[in-house]
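Peer 1: This is the structure, below, for whatever I ask next.
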Amino acid sequence: MERIQAALQKAKQQSETHNFPERAVSFAAAIKDEVWTSLKPLKADPRQIAANRLITMTHSDPAHTHFDILRTRVLQQLRQNDWTSVAITSPTPGCGKTLVALNLAFSLANQKDCRTALIDLDMRRPQVAKLLGIREAPSMETFLKGQSEAEEVFLRHGENVAIAGNRAPVQFAAELLQSPAATAALKRMKQRLKPDVVIYDLPPMLANDDVMAFLPSVDCVILVAAAEASTFGELDACERELAERSNFLGIVLNKCRYVPEKYGY
Ligand SMILES: Nc1ncnc2c1ncn2[C@@H]1O[C@H](COP(=O)(O)OP(=O)(O)OP(=O)(O)O)[C@@H](O)[C@H]1O
Ligand SMILES: [Mg+2]
């Protein structure tokens, strides 16, 4: 408790000196939160991280700037609208949702005034734990049923990113995602971790009704399209549906083989 008090006092002094907005004060104080410090650290293998294209963790690949731009845009939208959660989906499988979700989270790790929680809610083909090399991933089914707490399922990367993988597929995914128990579990997670950003890695939209079932629980949605694979018809259908049922942030065009020429800076 003393540490929290000290952090709060320090943040207050900084805000008075630098005239930070009120929100930044809560960010700075919360980084020292006891719940966050109690999370087990994420021990990711750097080789696996590089092989799995998680480029924002190390900044070794210049393409990380694309994710940093995405991060800043998302963050601005969330802050402007007082939103917290963003879901990531795609029309069909394999467009790069999990990769975008993880790279966005690791890019947000460098935003020290912001705490991010990423949850694998692809209950059909969970991949977050696999991409990170987490061997003993928790069960999201147990978590969403309210049978485990945030501290048991999230791993901490750095000081301000918490990631929850999912051990195994779930049989009745849509039913679970729209259950009152799941809504309550996610609310409790937000109360405990007090994240500024929650990223949900979801399954593809056109394959089943999981995304539709979960949309009422999110503030906004990003659609990931795969260049040369996602069709205009698919994107149009998904965009209409998302715009009707949620706040549609936009489309991330992934897997582009051709990128605009660099400006040299
Ligand atoms: N920008 C990219 N460049 C090259 N390969 C990519 C890119 N994005 C994703 N991939 C590859 O495409 C495959 C699918 O990526 P990912 O698992 O992130 O997609 P997904 O949409 O989450 O898939 P699923 O629908 O199965 O959940 C992976 O092998 C990944 O490495
Ligand atoms: Mg995925």
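If you're wondering about the labels, chains in the structure tokens are A, B, ... by order shown, residues count from 1 in each chain, ligands from 1 in order shown.
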Show which residues sit within 6 Å of stretch 190-199 of chain A, as number ranges by chain. Count only C-alpha atoms, and ignore same-chain residues fewer than 4 positions away.

Peer 2: A: 84-87, 114-118

Peer 1: Got a sec: who's within 12 Å of A:Arg188, counting only C-alpha atoms, leaving out chain neighbours fewer than 4 positions off, as JSON, numbers by chain?

Peer 2: {"A": [143, 144, 145, 146, 147, 148, 149, 150, 151, 181, 182, 183, 184, 192, 193, 194, 195]}

Peer 1: So, with only C-alpha atoms as the atoms that count, which of A:Gln80, A:Thr92, A:Gln127, A:Thr37 lies closest to A:Asn208?

Peer 2: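 The shortest atom-to-atom distance to A:Asn208 comes from A:Thr92.
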
Peer 1: What is the distance, in Å and to one decimal place, between atom CA of A:Ala162 and atom CA of A:Thr65?

Peer 2: 21.8 Å

Peer 1: Could you give me, as a list in words, the residues within 10 Å of A:Lys130, counting only C-alpha atoms and dropping anything in the same chain fewer than 3 positions from it?

Peer 2: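 Everything that qualifies: Gln48, Asn52, Pro126, Gln127, Gly133, Ile134, Arg135, Glu136, Ala137, Gly165, Asn166 and Arg167 of chain A.
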
Peer 1: How would you report the residues lying within 10 Å of ligand 1, as a ChimeraX atom specification, if you count only C-alpha atoms and all ligand atoms?

Peer 2: /A:51-54,63,88-103,120-128,130-131,201-205,207,223-227,253-257

Peer 1: In Å to one decimal, how far is atom CA of A:Ile163 from atom CA of A:Trp83?

Peer 2: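 One can read the atom CA of A:Trp83 to atom CA of A:Ile163 distance as 19.3 Å.
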
Peer 1: Per DSSP on the backbone, filter stretch 142-190 of chain A down to the residues in strand (DSSP E or B) and report them as a list in words.

Peer 2: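 Residues meeting the strand (DSSP E or B) criterion: Leu155, Arg156, His157, Val161, Ala162, Ile163 and Ala164 of chain A.
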